[in-house]
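Trainee: So that we are looking at the same thing, I have put the structure below in structure tokens.
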Amino acid sequence: MSRFNAARGLSRASGGISTFLSHRAGVAGAAILVVAALVAVIAPLLIPADALDVTRVTAAPWQAPGVEYWLGTDHTGRSVALLVVQGAGTSLFVGLTAALLAVGIGTLVGIVSGHFGGLVAGALLRVTDFFLVLPALVLAIALSTVLPRGLGTIVLAIGLTSWPSTARMVRAQTLTIEARPFVERARALGGGHGHVIGRHVLPSVVPLVLVNATLAVATAIVAESTLAFLGLGDPTRISWGAMLHQAQLHGAVPQRAWWFLLPPGVAIVVVVLAFTLVGRALEAVVTPKR
Amino acid sequence: MRVKACALLAIATTLGVATPQVQAQGPVILKVAIVQQIDSMNPFLAVFQSSTEVGRLMYDYLTAYAADDQRVTEGVANRWEPSADKLTWTFTVPEGKKWSDGKPITAQDVAFTYNLMLTDEVARTANGSFVTNFESVAATDDKTVVIKTKAPQVTMLALDIPIVPKHVWEKVTNIKDYANDQMPVVGSGPFVLTEHVAGQFIKLKTNKNYWRGAAKYDELHFVYFQNSDAAVQALGKGEVDLVNRMAPAQFDSLDGKAGVTRNKAQGRRFTELLINPGAQTKAGVPIGDGNPALKDVRVRRAIAQAVDLDALVQRVNLGYAEKGAGLVPPVFGKWHWQPGAGELRKFDPAAANAALDAAGYPRKDGTRFTLRLTGRAGRAYDEQASEYLKRSMSEVGIGLDVRLVSDNQLNEVTTAATYDLAFSGWATNVDPDFILGLHTCAQRPGADGKGGTTDSYFCDETYDQLYARQLSEFDEGKRVEIVKQMQARFYDQVPAVVLAYENALEGYRSDHFARFTTQPAQGGVIMAQNGMWGYYGAEPAGRVAQASSKGPWLAIGGMVLVAAVVIGVVVVRRRQATAGERE
Amino acid sequence: MRLAGRLGGAALSLVMVAVLGFFLFRVVPGDPVVSMTRGRPTTAAMQAELRAQFGLDRPLLSQFWGYFTSLLQGDLGTSFTFRRPVADVILERLGPTLLLVGTSTLIAVGLGLWLGVRAAWRRDSAFDKATTGVALTLWAVPTFWLGMLLMMVTGDLFPSRGMRDTDTAPDFVSQALDVGHHLVLPSITLVAVVCAEYMLVMRSSLLEEMHAPYLTTARAKGLRDDLVRRRHAVPNAVLPAITLVFLRFGLVVAGAITTETVFSWPGLGLLFYDALTGPDYFLLQGLLVCTAGAVVVMNLLAELLYGVLDPRVKVV
């Protein structure tokens with residue numbers, strides 16, 4: 001039994017890379033992410049400090065895209081293209097760290113509360129339910145208002161408010177799996193908690209967790225932009241959400257300044273989409289077609 | 001069967017859509033965008049600016065400020081006379097003025113309103129500051145009100161208190177819980193409140209009984225917008241007729257737009273940069289944690305000198321502001337003060353550097369000391385101006401740690417004096433008493449840190465003496481002189497730098513309304529006046545039917561919707577049919 | 001007994017929400033009275049009077065006790081901003097939110113689940129790739145940005161704000177059409193973003209289920225694909241999706257904040273946004289308790305429904 005499983009796992013791992021590579025969308029997503037990460041890391045080194053200092057820019061504000069500024073300029077005369085590049089780092093950092101925090105807490109709480117009965121599960125369930133009933137955005141807004149402004153606050157506000165759905169889904173899946181006859185059989189044959197969780201529960205929740213993690217990065221990046229849009233972000237940092245906040249604050253919509261509204265939004269969509277595509281390709285690797 | 005019903009619905013919908021086009025000659029409506037909520041329609045409780053604005057339309061005050069030059073003019077009363085000792089004021093309420101329900105407006109109503117505020121603490125919630133000095137108020141007959149004050153008071157003709165009808169309000173037992181929503185609400189102003197849906201709109205109708213004569217159109221609607229961006233868009237589309245408080249860029253976006261006329265007016269507001277001069281409570285106990293270097297007036301002057309006010313006006317206000325000087329904005333001409341040649345602090349980083357060196361704050365690694373600059377996140381001015389200040393300060397060796405926080409955090413920081421530099425701003429009134437009084441020692445908080453209204457923590461003996469003198473100076477020329485001396489003192493001691501007097505940027509649909517009355521006549525505002533002239537004096541452009549362009553789109557939308565339903569129903573039925581066959 | 005336990009648990013959640021709501025929003029810095037009176041002539045005595053009116057001068061614990069006892073009687077306190085009972089203010093704004101969220105959720109659930117089932121069943125077909133691609137893209141779109149974009153693109157076709165015009169004829173048909181006209185952009189915004197998630201979850205849930213041995217059995221019995229799908233696979237796969245729909249209910253309400261903010265839709269989301277800038281403590285608490293209450297009920301329903309639909313699940 002276990003040898004069979006091990007063999008299957010091995011072949012799965014060796015076939016994993018090729019399976020992933022066979023998913024063109026996933027590869028494209030990964031490529032986008034690599035580019036985005038490179039941009040985020042390199043850009044601050046290449047962009048001259050003066051170019052994004054509102055007190056030093058020389059270009060006219062609200063300039064439509066042209067030869068010199070090929071994505072136009074914002075309300076202060078800064079190049080929108082440079083702003084988008086500069087904003088990549090903040091958005092990616094917040095998205096990744098907040099998602100890791102959320103999915104980590106969620107998976108742990110979900111499996112533990114789904115698998116173990118008794119007081120532990122009861123208490124965890126209580127806490128999950130409690131955080132679940134607090135509308136995430138509302139709580140995130142409240143937290144970002146209470147805590148001092150900064151990236152840490154945003155990561156914390158998003159991470160602490162978006163784990164319960166992961167926990168709930170994982171718990172539901174754990175319950176479903178453990179109600180299946182083969183798990184009951186394993187228990188009857190003397191399988192301990194470790195065995196049941198490791199051999200049966202975990203493999204069955206991994207796809208779900210992967211899907212969830214993907215969605216969590218996406219949610220976190222979108223949540224960061226939403227908080228920034230509502231004016232709760234770190235105003236001293238350039239992020240895509242902060243750019244949209246500026247666009248709204250300074251009337252990009254009535255001015256039809258599409259070049260200020262479109263690029264940061266498209267950047268968010270592309271990166272979030274890339275995360276999703278990679279996650280889905282990974283999902284296919286974990287759960288091969290029969 | 002279902003398909004048939006849907007088709008019938010489609011016809012009905014299309015017919016229904018057609019109807020709005022038919023009724024062309026509706027009432028003429030002025031639609032105004034507002035972004036602030038209404039806290040209460042009860043004039044004794046309403047403290048928001050938006051509520052005060054609507055209140056002015058519903059109720060006259062005892063006196064009013066003329067549209068053209070803001071001088072005191074007829075309100076409920078048309079004549080007034082102080083006694084020789086200035087302690088007794090006699091106001092005359094002429095016959096012939098009527099409430100919107102037809103009952104006469106008399107001196108009894110005035111006495112009732114003021115006495116209600118004197119006897120009921122809750123009734124003093126909104127406007128209590130005006131009556132604190134009142135000894136007694138009595139109506140000796142229907143035409144005469146006599147007000148006795150404890151001490152001479154120069155602001156007796158600037159009592160911004162809505163006068164309410166006695167016959168309505170004497171039945172109110174609990175002011176605190178009275179919403180004043182018995183529509184239509186009986187009032188004395190040019191408009192009568194007829195409907196209020198919180199968060200959506202306020203509807204007022206023209207008061208046919210208004211003593212100045214009814215306004216030239218039928219209804220006045222205030223429509224809520226979440227932000228000025230949406231309001232500006234709606235103005236562009238013709239969904240509203242009047243918008244104010246635009247951002248400079250929004251104002252520019254309307255340049256040359258057909259049917260829209262812009263109004264760049266002198267505003268009542270100014271923006272200032274607070275410099276914590278060493279905050280103390282009323283008892284003189286230090287509070288907060290302001291940088292001790294700022295207690296030195298030489299340092300404060302140097303900071304003020306290092307700020308390039310012209311650049312701020314040009315780059316941050318996009319030129320829609322005037323460079324700051326005294327506490328009273330230029331729109332109140334005679335009270336406004338500009339520094340003379342000897343007093344003027346010119347922008348001069350080199351001189352500021354020298355002054356800081358002389359004051360004993362040498363540079364270490366290029367920096368003398370670091371200050372916190374607190375501003376409001378989400379306020380465009382603060383977000384941009386802080387960047388400029390950062391640069392200006394670095395040139396004189398002062399590091400700036402910019403902290404943009406939420407509105408309530410900013411209030412907290414300024415009331416607890418936990419700032420070094422902070423952005424603030426005030427709207428001023430026709431009478432400068434309030435804005436001057438803010439900076440007296442008495443406005444500092446009590447021992448518990450509460451009860452203060454100042455945010456500059458200025459406490460200066462010279463200034464306070466001048467303040468007391470102007471308060472009992474009934475010769476206006478002399479009072480103006482004192483007020484100017486106070487502003488000069490404030491400028492010299494710099495507890496705050498007045499950065500700019502912002503223009504009020506407004507826009508209106510000139511294809512719907514041809515003309516609005518501004519206050520003052522030259523370069524004045526339409527909304528947020530010290531009066532109701534802007535709304536009252538609006539003249540329709542003689543244009544009809546505003547809804548006409550909407551009909552066709554409604555019809556198309558309706559038809560698309562109906563088509564979708566029909567297709568959906570057909571598909572479902574077909575699927576059911578085939579499923580049945582398959583089984 | 002189980003039901004009683006569930007109800008008790010839900011009640012406990014509500015109590016915790018009430019407690020957290022109180023302390024969380026009291027920690028929000030700022031004196032509401034200072035915010036309220038900013039920029040107008042105010043004396044210290046007037047500020048003290050306002051504080052007394054709202055009970056802000058009492059010690060925190062005493063305030064909490066007062067808040068908690070009146071909450072049990074259904075009294076959510078008095079709003080600072082509107083000078084009226086919070087319950088009234090919330091009820092007034094409930095309608096628009098129910099209309100927007102209700103319409104959008106119904107469309108999103110129907111469309112999302114249906115597309116999800118179809119896409120999963122014809123995995124890797126052109127239909128699957130197209131819908132999945134669109135859904136993934138939409139899922140990545142920030143709600144408020146989509147709203148702003150729609151506003152910019154549609155130009156004058158739809159109103160840019162609110163729920164109805166003030167000058168529409170008072171008859172029912174005109175009013176209903178006017179509301180419908182205003183509803184288009186906000187509901188498209190909300191549907192687009194939410195629907196994508198439902199579709200993706202339904203799809204992956206069904207794909208999971210399709211590997212189950214019993215489906216092979218069902219096919220082996222000679223049942224047609226269509227029937228296998230409807231009788232066997234979908235009911236099982238629908239479970240996680242249903243859970244999500246119910247769980248999402250509260251999040252959708254909260255998510256409506258951005259949509260309502262962008263379009264000035266006069267509902268609870270907009271009210272929340274306004275209340276936060278006050279800060280209007282009692283209103284914030286009331287909103288939190290009400291939204292949370294709704295989600296607690298929805299959760300309870302999800303749990304119960306889960307048990308009914310899948311008898312294999314042990315009710316813990």
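Identifiers for the structure tokens are assigned positionally: chains receive A, B, ... in sequence, residues are indexed from 1 per chain, and ligands are indexed from 1 in the order shown.
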So that I can see what lies close to range 145-158 of chain C, please list as a PDB file with N, CA and C atoms, in the first residue's frame the residues with an atom at most 8 Å from it, counting only C-alpha atoms and leaving out residues fewer than 5 positions away in the same chain.
Mentor:
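See out.pdb below for the written result:
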```
ATOM      1  N   LEU A 244      -4.419  54.801  -8.494  1.00  0.00           N
ATOM      2  CA  LEU A 244      -5.848  54.904  -8.816  1.00  0.00           C
ATOM      3  C   LEU A 244      -6.542  55.859  -7.846  1.00  0.00           C
ATOM      4  N   VAL A 253     -11.496  60.654 -14.267  1.00  0.00           N
ATOM      5  CA  VAL A 253     -12.664  60.196 -15.022  1.00  0.00           C
ATOM      6  C   VAL A 253     -13.353  61.350 -15.772  1.00  0.00           C
ATOM      7  N   PRO A 254     -13.709  62.450 -15.080  1.00  0.00           N
ATOM      8  CA  PRO A 254     -14.345  63.532 -15.840  1.00  0.00           C
ATOM      9  C   PRO A 254     -13.430  64.123 -16.904  1.00  0.00           C
ATOM     10  N   ARG A 256     -11.530  62.377 -18.692  1.00  0.00           N
ATOM     11  CA  ARG A 256     -11.266  61.330 -19.675  1.00  0.00           C
ATOM     12  C   ARG A 256      -9.777  61.047 -19.804  1.00  0.00           C
ATOM     13  N   LEU A 261      -5.812  56.250 -15.718  1.00  0.00           N
ATOM     14  CA  LEU A 261      -6.701  55.279 -15.082  1.00  0.00           C
ATOM     15  C   LEU A 261      -6.374  53.854 -15.538  1.00  0.00           C
ATOM     16  N   LEU A 262      -6.053  53.720 -16.826  1.00  0.00           N
ATOM     17  CA  LEU A 262      -5.915  52.391 -17.411  1.00  0.00           C
ATOM     18  C   LEU A 262      -4.647  51.646 -16.967  1.00  0.00           C
ATOM     19  N   GLY A 265      -4.501  49.930 -13.412  1.00  0.00           N
ATOM     20  CA  GLY A 265      -5.530  48.891 -13.332  1.00  0.00           C
ATOM     21  C   GLY A 265      -5.145  47.678 -14.156  1.00  0.00           C
TER      22      GLY A 265
ATOM     23  N   LYS B 237     -22.525  66.050 -17.649  1.00  0.00           N
ATOM     24  CA  LYS B 237     -23.627  65.373 -18.335  1.00  0.00           C
ATOM     25  C   LYS B 237     -24.933  66.130 -18.226  1.00  0.00           C
ATOM     26  N   TRP B 553     -32.561  56.023 -24.608  1.00  0.00           N
ATOM     27  CA  TRP B 553     -31.653  55.055 -24.001  1.00  0.00           C
ATOM     28  C   TRP B 553     -32.388  54.150 -23.033  1.00  0.00           C
TER      29      TRP B 553
ATOM     30  N   HIS C 181     -32.409  52.131 -14.549  1.00  0.00           N
ATOM     31  CA  HIS C 181     -31.383  52.837 -15.320  1.00  0.00           C
ATOM     32  C   HIS C 181     -30.152  53.107 -14.458  1.00  0.00           C
ATOM     33  N   HIS C 182     -30.403  53.517 -13.216  1.00  0.00           N
ATOM     34  CA  HIS C 182     -29.291  53.789 -12.308  1.00  0.00           C
ATOM     35  C   HIS C 182     -28.610  52.504 -11.852  1.00  0.00           C
ATOM     36  N   VAL C 184     -27.966  49.798 -13.555  1.00  0.00           N
ATOM     37  CA  VAL C 184     -27.209  49.045 -14.554  1.00  0.00           C
ATOM     38  C   VAL C 184     -25.712  48.990 -14.246  1.00  0.00           C
ATOM     39  N   LEU C 185     -25.063  50.139 -14.161  1.00  0.00           N
ATOM     40  CA  LEU C 185     -23.606  50.125 -13.990  1.00  0.00           C
ATOM     41  C   LEU C 185     -23.162  49.508 -12.658  1.00  0.00           C
ATOM     42  N   PRO C 186     -23.767  49.907 -11.529  1.00  0.00           N
ATOM     43  CA  PRO C 186     -23.326  49.281 -10.267  1.00  0.00           C
ATOM     44  C   PRO C 186     -23.516  47.771 -10.268  1.00  0.00           C
ATOM     45  N   THR C 189     -20.981  46.001 -12.403  1.00  0.00           N
ATOM     46  CA  THR C 189     -19.710  45.998 -11.695  1.00  0.00           C
ATOM     47  C   THR C 189     -19.648  44.872 -10.679  1.00  0.00           C
ATOM     48  N   THR C 259     -18.316  49.568  -4.486  1.00  0.00           N
ATOM     49  CA  THR C 259     -19.240  49.863  -5.578  1.00  0.00           C
ATOM     50  C   THR C 259     -20.140  51.039  -5.201  1.00  0.00           C
ATOM     51  N   VAL C 262     -18.165  54.284  -5.315  1.00  0.00           N
ATOM     52  CA  VAL C 262     -17.877  54.809  -6.648  1.00  0.00           C
ATOM     53  C   VAL C 262     -19.133  55.391  -7.292  1.00  0.00           C
ATOM     54  N   PHE C 263     -20.262  54.714  -7.100  1.00  0.00           N
ATOM     55  CA  PHE C 263     -21.489  55.149  -7.783  1.00  0.00           C
ATOM     56  C   PHE C 263     -22.431  55.938  -6.875  1.00  0.00           C
TER      57      PHE C 263
END
```
Trainee: Using only C-alpha atoms, which protein or nucleic acid residues come within 7 Å of range 77-87 of chain C? Drop anything in the same chain fewer than 2 positions from it, and give the result as a PyMOL selection string.
Mentor: (chain B and resi 39-40) or (chain C and resi 75+89-91+280+282-283+286)
Trainee: Go ahead and save the residues from that selection, with N, CA and C atoms, as an mmCIF file, in the first residue's frame.
Mentor:
```cif
data_model
loop_
_atom_site.group_PDB
_atom_site.id
_atom_site.type_symbol
_atom_site.label_atom_id
_atom_site.label_comp_id
_atom_site.auth_asym_id
_atom_site.auth_seq_id
_atom_site.Cartn_x
_atom_site.Cartn_y
_atom_site.Cartn_z
ATOM 1 N N ASP B 39 -26.652 66.535 8.908
ATOM 2 C CA ASP B 39 -26.731 65.872 10.207
ATOM 3 C C ASP B 39 -28.129 66.004 10.800
ATOM 4 N N SER B 40 -28.758 67.139 10.593
ATOM 5 C CA SER B 40 -30.099 67.312 11.142
ATOM 6 C C SER B 40 -30.780 68.457 10.427
ATOM 7 N N ASP C 75 -31.901 48.395 20.763
ATOM 8 C CA ASP C 75 -31.573 49.810 20.615
ATOM 9 C C ASP C 75 -30.094 49.922 20.280
ATOM 10 N N VAL C 89 -31.709 54.650 10.873
ATOM 11 C CA VAL C 89 -30.817 55.041 9.777
ATOM 12 C C VAL C 89 -30.469 53.820 8.941
ATOM 13 N N ILE C 90 -30.188 52.692 9.620
ATOM 14 C CA ILE C 90 -29.795 51.477 8.900
ATOM 15 C C ILE C 90 -30.969 50.930 8.089
ATOM 16 N N LEU C 91 -32.141 50.893 8.711
ATOM 17 C CA LEU C 91 -33.319 50.383 8.005
ATOM 18 C C LEU C 91 -33.581 51.167 6.724
ATOM 19 N N ASP C 280 -18.473 57.861 13.476
ATOM 20 C CA ASP C 280 -19.776 57.768 14.095
ATOM 21 C C ASP C 280 -19.858 56.400 14.796
ATOM 22 N N PHE C 282 -21.605 54.757 17.138
ATOM 23 C CA PHE C 282 -22.809 53.937 17.254
ATOM 24 C C PHE C 282 -23.260 53.420 15.899
ATOM 25 N N LEU C 283 -23.091 54.240 14.902
ATOM 26 C CA LEU C 283 -23.477 53.817 13.558
ATOM 27 C C LEU C 283 -22.567 52.682 13.080
ATOM 28 N N GLY C 286 -23.472 49.576 14.953
ATOM 29 C CA GLY C 286 -24.748 49.070 14.463
ATOM 30 C C GLY C 286 -24.580 48.366 13.130
#
```
Trainee: One decimal, in Å: what's the spacing between CA of Arg168 in chain A and CA of Leu147 in chain A?
Mentor: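 For CA of Arg168 in chain A relative to CA of Leu147 in chain A, the distance reads 27.4 Å.
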Trainee: Write out as an NGL selection string which residues come within 12 Å of Pro445 in chain B when counting only C-alpha atoms, dropping same-chain ones fewer than 6 positions away.
Mentor: (:B and (279-288 or 414-417 or 438-439 or 451-459)) or (:C and (43-45 or 47-48))
Trainee: Using only C-alpha atoms, please write the residues we just selected to a file, as a PDB file, in the first residue's frame.
Mentor:
```pdb
ATOM      1  CA  ALA B 279       1.549  73.785  23.465  1.00  0.00           C
ATOM      2  CA  GLN B 280       0.148  74.399  26.930  1.00  0.00           C
ATOM      3  CA  THR B 281      -3.183  74.003  28.680  1.00  0.00           C
ATOM      4  CA  LYS B 282      -5.178  76.968  29.975  1.00  0.00           C
ATOM      5  CA  ALA B 283      -3.284  76.623  33.247  1.00  0.00           C
ATOM      6  CA  GLY B 284       0.051  76.828  31.449  1.00  0.00           C
ATOM      7  CA  VAL B 285       0.956  73.149  31.833  1.00  0.00           C
ATOM      8  CA  PRO B 286       2.857  71.861  28.778  1.00  0.00           C
ATOM      9  CA  ILE B 287       1.073  69.170  26.754  1.00  0.00           C
ATOM     10  CA  GLY B 288       1.973  67.182  23.680  1.00  0.00           C
ATOM     11  CA  THR B 414      -3.815  68.608  16.783  1.00  0.00           C
ATOM     12  CA  THR B 415      -5.964  68.488  19.937  1.00  0.00           C
ATOM     13  CA  ALA B 416      -3.290  66.524  21.795  1.00  0.00           C
ATOM     14  CA  ALA B 417      -0.558  68.800  20.364  1.00  0.00           C
ATOM     15  CA  LEU B 438      -9.397  80.945  18.118  1.00  0.00           C
ATOM     16  CA  HIS B 439      -5.845  81.978  18.823  1.00  0.00           C
ATOM     17  CA  GLY B 451     -12.478  71.779  25.817  1.00  0.00           C
ATOM     18  CA  GLY B 452      -9.984  73.603  23.622  1.00  0.00           C
ATOM     19  CA  THR B 453     -10.846  74.897  20.175  1.00  0.00           C
ATOM     20  CA  THR B 454      -7.461  76.278  19.183  1.00  0.00           C
ATOM     21  CA  ASP B 455      -5.163  74.176  17.108  1.00  0.00           C
ATOM     22  CA  SER B 456      -2.324  76.689  17.005  1.00  0.00           C
ATOM     23  CA  TYR B 457      -1.800  76.822  20.805  1.00  0.00           C
ATOM     24  CA  PHE B 458      -0.920  80.465  20.419  1.00  0.00           C
ATOM     25  CA  CYS B 459      -0.912  82.388  23.700  1.00  0.00           C
TER      26      CYS B 459
ATOM     27  CA  THR C  43     -17.214  77.176  22.656  1.00  0.00           C
ATOM     28  CA  ALA C  44     -15.805  74.653  25.064  1.00  0.00           C
ATOM     29  CA  ALA C  45     -19.176  74.567  26.858  1.00  0.00           C
ATOM     30  CA  GLN C  47     -18.445  70.792  23.053  1.00  0.00           C
ATOM     31  CA  ALA C  48     -19.001  69.523  26.578  1.00  0.00           C
TER      32      ALA C  48
END
```
Trainee: Between A:Val170, A:Leu249, A:Ala37, A:Ala281, which one has atoms that come closest to Val209 in chain A, using only C-alpha atoms?
Mentor: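 The closest residue to Val209 in chain A is A:Val170.
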Trainee: For Val483 in chain B, find every residue with an atom within 9 Å (counting only C-alpha atoms), except residues of its own chain fewer than 2 positions away, and show them as a list in words.
Mentor: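 The filter keeps Trp335, His336, Trp337, Pro432, Asp433, Leu436, Leu466, Tyr467, Gln470, Lys478, Arg479, Val480, Glu481, Gln485, Met486, Gln487 and Ala488 of chain B.
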Trainee: Could the residues of chain A within 6 Å of chain C, counting only C-alpha atoms, be given as a list in words, please?
Mentor: Phe130, Val133, Leu134, Pro135, Val146, Thr176, Ala179, Val222, Val253, Val269, Val272 and Leu273 of chain A
Trainee: Please produce a file of the residues just selected, as a PDB file, in the first residue's frame, where the atoms kept are C-alpha atoms.
Mentor:
```pdb
ATOM      1  CA  PHE A 130     -16.201  34.884  14.497  1.00  0.00           C
ATOM      2  CA  VAL A 133     -18.832  37.045  10.239  1.00  0.00           C
ATOM      3  CA  LEU A 134     -16.751  40.194  10.343  1.00  0.00           C
ATOM      4  CA  PRO A 135     -16.892  41.407   6.759  1.00  0.00           C
ATOM      5  CA  VAL A 146      -6.530  52.241  13.965  1.00  0.00           C
ATOM      6  CA  THR A 176     -16.105  15.330   3.482  1.00  0.00           C
ATOM      7  CA  ALA A 179     -16.701  10.820   6.110  1.00  0.00           C
ATOM      8  CA  VAL A 222      -6.849  43.628  -5.108  1.00  0.00           C
ATOM      9  CA  VAL A 253     -12.664  60.196 -15.022  1.00  0.00           C
ATOM     10  CA  VAL A 269      -5.245  42.663 -13.634  1.00  0.00           C
ATOM     11  CA  VAL A 272      -3.278  38.921 -10.548  1.00  0.00           C
ATOM     12  CA  LEU A 273      -4.191  36.936 -13.637  1.00  0.00           C
TER      13      LEU A 273
END
```
Trainee: What's the 9 Å shell around range 78-95 of chain B, counting only C-alpha atoms, without same-chain residues fewer than 3 positions away, as a list in words?
Mentor: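 The filter keeps Leu62, Thr63, Thr73, Glu74, Gly75, Lys98, Pro104, Ile105, Thr106, Ala107, Val110, Asp142, Lys143, Thr144, Val145, Val146, Ile147, Lys148, Thr149, Lys150, Ala151, Pro152, Gln153, Val154, Met156, Leu157 and Phe474 of chain B.
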Trainee: Create the file for the chosen residues now, containing C-alpha atoms and written as a short mmCIF file (atom, residue, chain, number, x, y, z; two decimals), in the first residue's frame.
Mentor:
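Result file selection-v4.cif:
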```cif
data_model
loop_
_atom_site.label_atom_id
_atom_site.label_comp_id
_atom_site.auth_asym_id
_atom_site.auth_seq_id
_atom_site.Cartn_x
_atom_site.Cartn_y
_atom_site.Cartn_z
CA LEU B 62 -32.38 88.52 12.46
CA THR B 63 -30.11 90.37 10.03
CA THR B 73 -28.80 94.42 5.78
CA GLU B 74 -32.42 93.56 6.50
CA GLY B 75 -33.27 90.10 7.74
CA LYS B 98 -45.12 86.03 6.63
CA PRO B 104 -47.23 86.76 10.31
CA ILE B 105 -43.59 86.89 11.43
CA THR B 106 -43.38 88.96 14.62
CA ALA B 107 -40.97 89.98 17.33
CA VAL B 110 -37.46 86.22 17.61
CA ASP B 142 -45.15 92.38 18.02
CA LYS B 143 -42.71 94.71 16.34
CA THR B 144 -39.97 95.20 18.93
CA VAL B 145 -37.33 92.91 20.41
CA VAL B 146 -35.05 94.14 23.17
CA ILE B 147 -31.81 92.25 23.83
CA LYS B 148 -29.72 93.04 26.89
CA THR B 149 -26.13 91.84 27.00
CA LYS B 150 -23.83 91.30 29.96
CA ALA B 151 -20.98 93.20 28.29
CA PRO B 152 -20.83 95.31 25.12
CA GLN B 153 -20.70 93.02 22.10
CA VAL B 154 -19.66 94.15 18.60
CA MET B 156 -24.76 91.91 17.62
CA LEU B 157 -25.46 92.34 13.91
CA PHE B 474 -17.91 99.99 18.20
#
```
Trainee: Just give me the gap between CA of Tyr224 in chain B and CA of Gly238 in chain B in Å, one decimal is fine.
Mentor: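 Computed distance, CA of Tyr224 in chain B to CA of Gly238 in chain B, equals 15.0 Å.
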Trainee: Would you list which chain A residues are within 10 Å of chain B using only C-alpha atoms, as number ranges by chain?
Mentor: A: 53-56, 61-62, 75-76, 144-146, 148-150, 228-236, 245-257
Trainee: Counting only C-alpha atoms, which of B:Gly366, B:Gly446, B:Gly531, B:Gly477 gets nearest to chain C?
Mentor: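 Once distances to chain C are computed over only C-alpha atoms, the minimum belongs to B:Gly446.
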Trainee: Going by DSSP on the backbone, which residues of range 400-478 of chain B come out as alpha helix (DSSP H)? List them as a ChimeraX atom specification.
Mentor: /B:407-416,433-437,461-471,476-478
Trainee: When you look at Phe225 in chain B with a cut-off of 6 Å (counting only C-alpha atoms), what residues show up, excluding the ones that are within fewer than 6 positions of it in the same chain? I need them as a PyMOL selection string.
Mentor: (chain B and resi 34-35+231) or (chain C and resi 264)
Trainee: Find the distance between CA of Ser129 in chain B and CA of Trp533 in chain B and write it in Å to one decimal.
Mentor: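 It comes out at 24.9 Å.
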Trainee: Run DSSP on the backbone and grab whatever in range 200-256 of chain B lands in strand (DSSP E or B); send it over as a ChimeraX atom specification.
Mentor: /B:201-206,219-224,242-243
Trainee: Taking N, CA and C atoms for each residue, export the selection above as a tab-separated table (two decimals), in the first residue's frame.
Mentor:
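Written file, part.tsv:
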```
chain	number	residue	atom	x	y	z
B	201	PHE	N	-31.39	62.73	-1.48
B	201	PHE	CA	-31.67	64.08	-1.94
B	201	PHE	C	-32.47	64.87	-0.91
B	202	ILE	N	-32.49	66.18	-1.13
B	202	ILE	CA	-33.32	67.10	-0.35
B	202	ILE	C	-34.10	67.92	-1.37
B	203	LYS	N	-35.42	68.01	-1.19
B	203	LYS	CA	-36.21	68.80	-2.13
B	203	LYS	C	-36.81	70.00	-1.40
B	204	LEU	N	-36.68	71.16	-2.02
B	204	LEU	CA	-37.30	72.37	-1.48
B	204	LEU	C	-38.13	73.00	-2.58
B	205	LYS	N	-39.24	73.65	-2.16
B	205	LYS	CA	-40.06	74.37	-3.14
B	205	LYS	C	-39.93	75.86	-2.85
B	206	THR	N	-40.15	76.66	-3.87
B	206	THR	CA	-40.09	78.10	-3.71
B	206	THR	C	-41.16	78.57	-2.72
B	219	GLU	N	-38.49	74.67	-8.07
B	219	GLU	CA	-37.98	73.76	-7.05
B	219	GLU	C	-36.46	73.79	-6.99
B	220	LEU	N	-35.95	73.52	-5.80
B	220	LEU	CA	-34.51	73.46	-5.58
B	220	LEU	C	-34.20	72.09	-5.00
B	221	HIS	N	-33.41	71.30	-5.71
B	221	HIS	CA	-33.06	69.96	-5.23
B	221	HIS	C	-31.57	69.89	-4.90
B	222	PHE	N	-31.26	69.34	-3.75
B	222	PHE	CA	-29.87	69.04	-3.43
B	222	PHE	C	-29.68	67.54	-3.61
B	223	VAL	N	-28.68	67.16	-4.39
B	223	VAL	CA	-28.46	65.75	-4.68
B	223	VAL	C	-27.10	65.35	-4.11
B	224	TYR	N	-27.08	64.22	-3.41
B	224	TYR	CA	-25.85	63.76	-2.77
B	224	TYR	C	-24.88	63.15	-3.77
B	242	LEU	N	-25.40	72.73	-10.63
B	242	LEU	CA	-24.48	73.56	-9.87
B	242	LEU	C	-23.59	72.69	-8.99
B	243	VAL	N	-22.28	72.92	-9.07
B	243	VAL	CA	-21.31	72.15	-8.28
B	243	VAL	C	-20.30	73.12	-7.69
```
